[in-house]
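One file, run-v2.csv, carrying CSV, C-alpha atoms:
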chain,number,residue,atom,x,y,z
A,27,MET,CA,157.0,57.1,146.2
A,28,THR,CA,158.7,54.1,144.5
A,29,ALA,CA,161.9,52.8,146.1
A,30,VAL,CA,164.9,52.9,143.9
A,31,PRO,CA,167.5,50.1,144.3
A,32,GLY,CA,170.4,51.4,146.4
A,33,ASP,CA,168.2,53.8,148.4
A,34,HIS,CA,167.8,51.3,151.2
A,35,PRO,CA,169.7,47.9,151.5
A,36,LEU,CA,166.4,45.9,152.1
A,37,LEU,CA,164.4,47.4,149.3
A,38,ASP,CA,164.2,46.4,145.7
A,39,GLY,CA,162.2,48.7,143.3
A,40,GLU,CA,160.4,45.7,141.8
A,41,ALA,CA,160.3,43.1,144.5
A,42,GLY,CA,159.6,45.4,147.5
A,43,PRO,CA,161.1,44.7,150.9
A,44,VAL,CA,163.5,41.7,150.7
A,45,VAL,CA,164.1,39.6,153.8
A,46,ARG,CA,166.0,36.4,153.4
A,47,PRO,CA,164.1,33.3,154.5
A,48,TYR,CA,166.8,32.3,156.9
A,49,SER,CA,166.3,35.6,158.7
A,50,VAL,CA,162.6,34.9,159.2
A,51,THR,CA,163.4,31.4,160.7
A,52,TYR,CA,166.6,32.4,162.4
A,53,GLY,CA,168.5,29.9,160.3
A,54,ARG,CA,166.2,27.0,161.1
A,55,THR,CA,165.5,24.8,158.0
A,56,ARG,CA,163.4,22.1,159.7
A,57,PRO,CA,160.0,22.4,161.3
A,58,ARG,CA,159.5,21.0,164.8
A,59,SER,CA,156.3,19.3,163.6
A,60,ALA,CA,155.6,16.9,160.8
A,61,LEU,CA,153.6,18.9,158.3
A,62,ASP,CA,152.7,18.6,154.6
A,63,LEU,CA,151.1,21.0,152.2
A,64,THR,CA,147.6,19.9,153.0
A,65,THR,CA,147.9,19.9,156.8
A,66,MET,CA,145.0,21.9,158.1
A,67,LEU,CA,145.7,24.5,160.8
A,68,LEU,CA,143.4,26.4,163.1
A,69,ALA,CA,144.1,29.1,165.7
A,70,THR,CA,143.4,28.1,169.3
A,71,GLY,CA,142.8,31.6,170.6
A,72,ARG,CA,146.1,31.7,172.5
A,73,THR,CA,148.5,34.5,171.5
A,74,PRO,CA,152.2,33.8,172.4
A,75,ARG,CA,153.9,36.8,174.1
A,76,HIS,CA,157.0,37.2,171.9
A,77,MET,CA,156.1,36.6,168.3
A,78,GLU,CA,157.9,37.8,165.2
A,79,PRO,CA,155.6,39.7,162.7
A,80,GLU,CA,155.6,36.7,160.4
A,81,HIS,CA,154.3,34.5,163.2
A,82,ALA,CA,151.5,37.0,163.9
A,83,GLN,CA,150.6,37.1,160.3
A,84,ALA,CA,150.5,33.3,160.0
A,85,LEU,CA,148.4,33.2,163.2
A,86,ARG,CA,145.9,35.7,161.7
A,87,LEU,CA,145.6,33.6,158.6
A,88,CYS,CA,144.6,30.6,160.6
A,89,ARG,CA,141.6,32.1,162.4
A,90,ALA,CA,139.6,29.9,160.0
A,91,ALA,CA,140.9,26.5,158.9
A,92,THR,CA,143.8,27.0,156.6
A,93,SER,CA,146.3,24.7,154.9
A,94,VAL,CA,150.1,25.0,155.2
A,95,ALA,CA,150.2,25.7,151.4
A,96,GLU,CA,147.7,28.6,151.9
A,97,VAL,CA,149.8,30.1,154.7
A,98,ALA,CA,153.0,29.9,152.6
A,99,ALA,CA,151.2,31.6,149.6
A,100,ASN,CA,149.7,34.3,151.7
A,101,LEU,CA,153.0,35.0,153.5
A,102,GLN,CA,154.8,34.9,150.1
A,103,GLN,CA,157.4,32.7,151.6
A,104,PRO,CA,158.8,29.3,150.6
A,105,VAL,CA,156.9,26.4,152.0
A,106,VAL,CA,159.7,25.3,154.4
A,107,VAL,CA,159.7,28.8,155.9
A,108,ALA,CA,155.9,28.6,156.5
A,109,LYS,CA,156.3,25.2,158.0
A,110,VAL,CA,158.9,26.4,160.4
A,111,LEU,CA,156.8,29.4,161.5
A,112,VAL,CA,153.6,27.3,161.8
A,113,SER,CA,155.5,24.6,163.8
A,114,ASP,CA,156.6,27.3,166.2
A,115,LEU,CA,153.0,28.3,166.7
A,116,ILE,CA,152.0,24.7,167.2
A,117,ALA,CA,154.7,24.3,169.9
A,118,TRP,CA,153.4,27.5,171.6
A,119,GLU,CA,149.9,26.0,171.5
A,120,ALA,CA,148.6,28.9,169.3
A,121,LEU,CA,147.7,26.5,166.5
A,122,ILE,CA,146.3,23.0,166.2
A,123,THR,CA,146.5,20.6,163.3
A,124,GLY,CA,143.9,18.2,162.0
A,125,VAL,CA,140.9,20.5,162.3
A,126,PRO,CA,138.1,18.6,164.0
A,127,THR,CA,135.4,17.5,161.7
A,128,VAL,CA,131.7,16.9,162.2
A,129,ASP,CA,130.7,13.4,163.5
A,130,THR,CA,129.8,11.0,160.7
A,131,PRO,CA,126.3,9.7,160.7
A,132,ASP,CA,125.5,6.2,161.8
A,133,LEU,CA,124.6,3.4,159.3
A,134,GLN,CA,120.8,3.7,159.9
A,135,THR,CA,120.9,7.4,159.1
A,136,MET,CA,122.7,6.6,155.8
A,137,LYS,CA,120.2,3.9,154.9
A,138,ASP,CA,117.3,6.3,155.6
A,139,LEU,CA,118.9,8.9,153.4
A,140,LEU,CA,119.4,6.4,150.6
A,141,ASP,CA,115.7,5.3,150.9
A,142,GLY,CA,114.6,8.9,150.7
A,143,LEU,CA,116.7,9.5,147.6
A,144,ARG,CA,115.3,6.4,146.0
A,145,LYS,CA,111.7,7.6,146.7
A,146,LEU,CA,112.5,11.0,145.2
A,147,GLN,CA,114.0,9.3,142.1
A,148,PHE,CA,110.9,7.0,141.8
A,149,SER,CA,108.5,10.0,142.0
A,150,SER,CA,110.4,11.9,139.4
A,151,ASN,CA,110.2,8.9,137.1
A,152,THR,CA,106.4,8.8,137.2
A,153,ASN,CA,106.2,12.1,135.2
A,154,GLY,CA,106.5,10.1,132.0
A,155,ASP,CA,110.0,11.5,131.3
A,156,ASP,CA,111.6,8.1,131.7
A,157,THR,CA,110.9,4.8,129.9
A,158,ASN,CA,110.6,3.1,133.3
A,159,GLY,CA,108.2,5.7,134.6
A,160,ASP,CA,105.3,3.3,134.7
A,161,ASP,CA,107.4,0.6,136.4
A,162,PRO,CA,106.7,0.5,140.1
A,163,ASP,CA,110.1,-1.1,140.8
A,164,GLY,CA,112.0,1.7,139.1
A,165,GLY,CA,113.8,-0.6,136.8
A,166,GLU,CA,114.8,-3.1,139.4
A,167,ASP,CA,114.0,-6.8,139.1
A,168,PRO,CA,113.1,-8.0,142.7
A,169,ARG,CA,113.8,-11.6,141.7
A,170,ARG,CA,117.4,-10.8,140.7
A,171,GLY,CA,118.0,-8.2,143.5
A,172,GLY,CA,119.4,-5.6,141.0
A,173,LEU,CA,118.8,-3.7,137.9
A,174,ARG,CA,117.4,-5.5,134.9
A,175,GLY,CA,119.7,-6.2,132.0
A,176,GLY,CA,118.7,-5.0,128.7

Take the structure in the file and write it out as structure tokens.
Amino acid sequence: MTAVPGDHPLLDGEAGPVVRPYSVTYGRTRPRSALDLTTMLLATGRTPRHMEPEHAQALRLCRAATSVAEVAANLQQPVVVAKVLVSDLIAWEALITGVPTVDTPDLQTMKDLLDGLRKLQFSSNTNGDDTNGDDPDGGEDPRRGGLRGG
């Protein structure tokens, strides 16, 4: 059954339920935390006792790493509303920002990877597909320490 404007004060036939952003944030217009659109969020596993439905929805969205922009889009709320809701969840320790990343490899690992890639490149050049395929240096001049000019 489609709602008809005037049937219920919070329904609009085309827009669906209408709740003003200041109602969702209780009039707050500034988040407690410094957040931008690309700030990554992740749920900690904690569930605050007294959450509004919008907080719970934002928390569910952040079970996997999610940006503030994605939360706003999925909540269909202005970004500032999403920031206020997310900052509440951060204050309640239900969300963390700056999702941890994998440790970066050390310099030796990167050098080994580069050497392996160069060997792969050299072996693919010996198929006769490349003009330098018969060149054991793969186009590099050992006396000059770089690629040969031409």

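Nearest to A:Val50 of all the residues A:Val106, A:Ala120, A:Leu143, A:Leu133 is A:Val106, counting all atoms listed in the file.
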
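Of note, atom CA of A:Pro79 and atom CA of A:Gly124 are spaced 24.5 Å apart.
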
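Considering all atoms listed in the file, the residue among A:Leu63, A:Thr70, A:Leu140, A:Ala95 positioned nearest to A:Ala117 is A:Thr70.
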
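Among the candidates A:Lys137, A:Val110, A:Arg86, A:Ile122, the one nearest to A:Thr65 when counting all atoms listed in the file is A:Ile122.
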
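Atom CA of A:Thr123 is positioned 18.2 Å from atom CA of A:Asn100.
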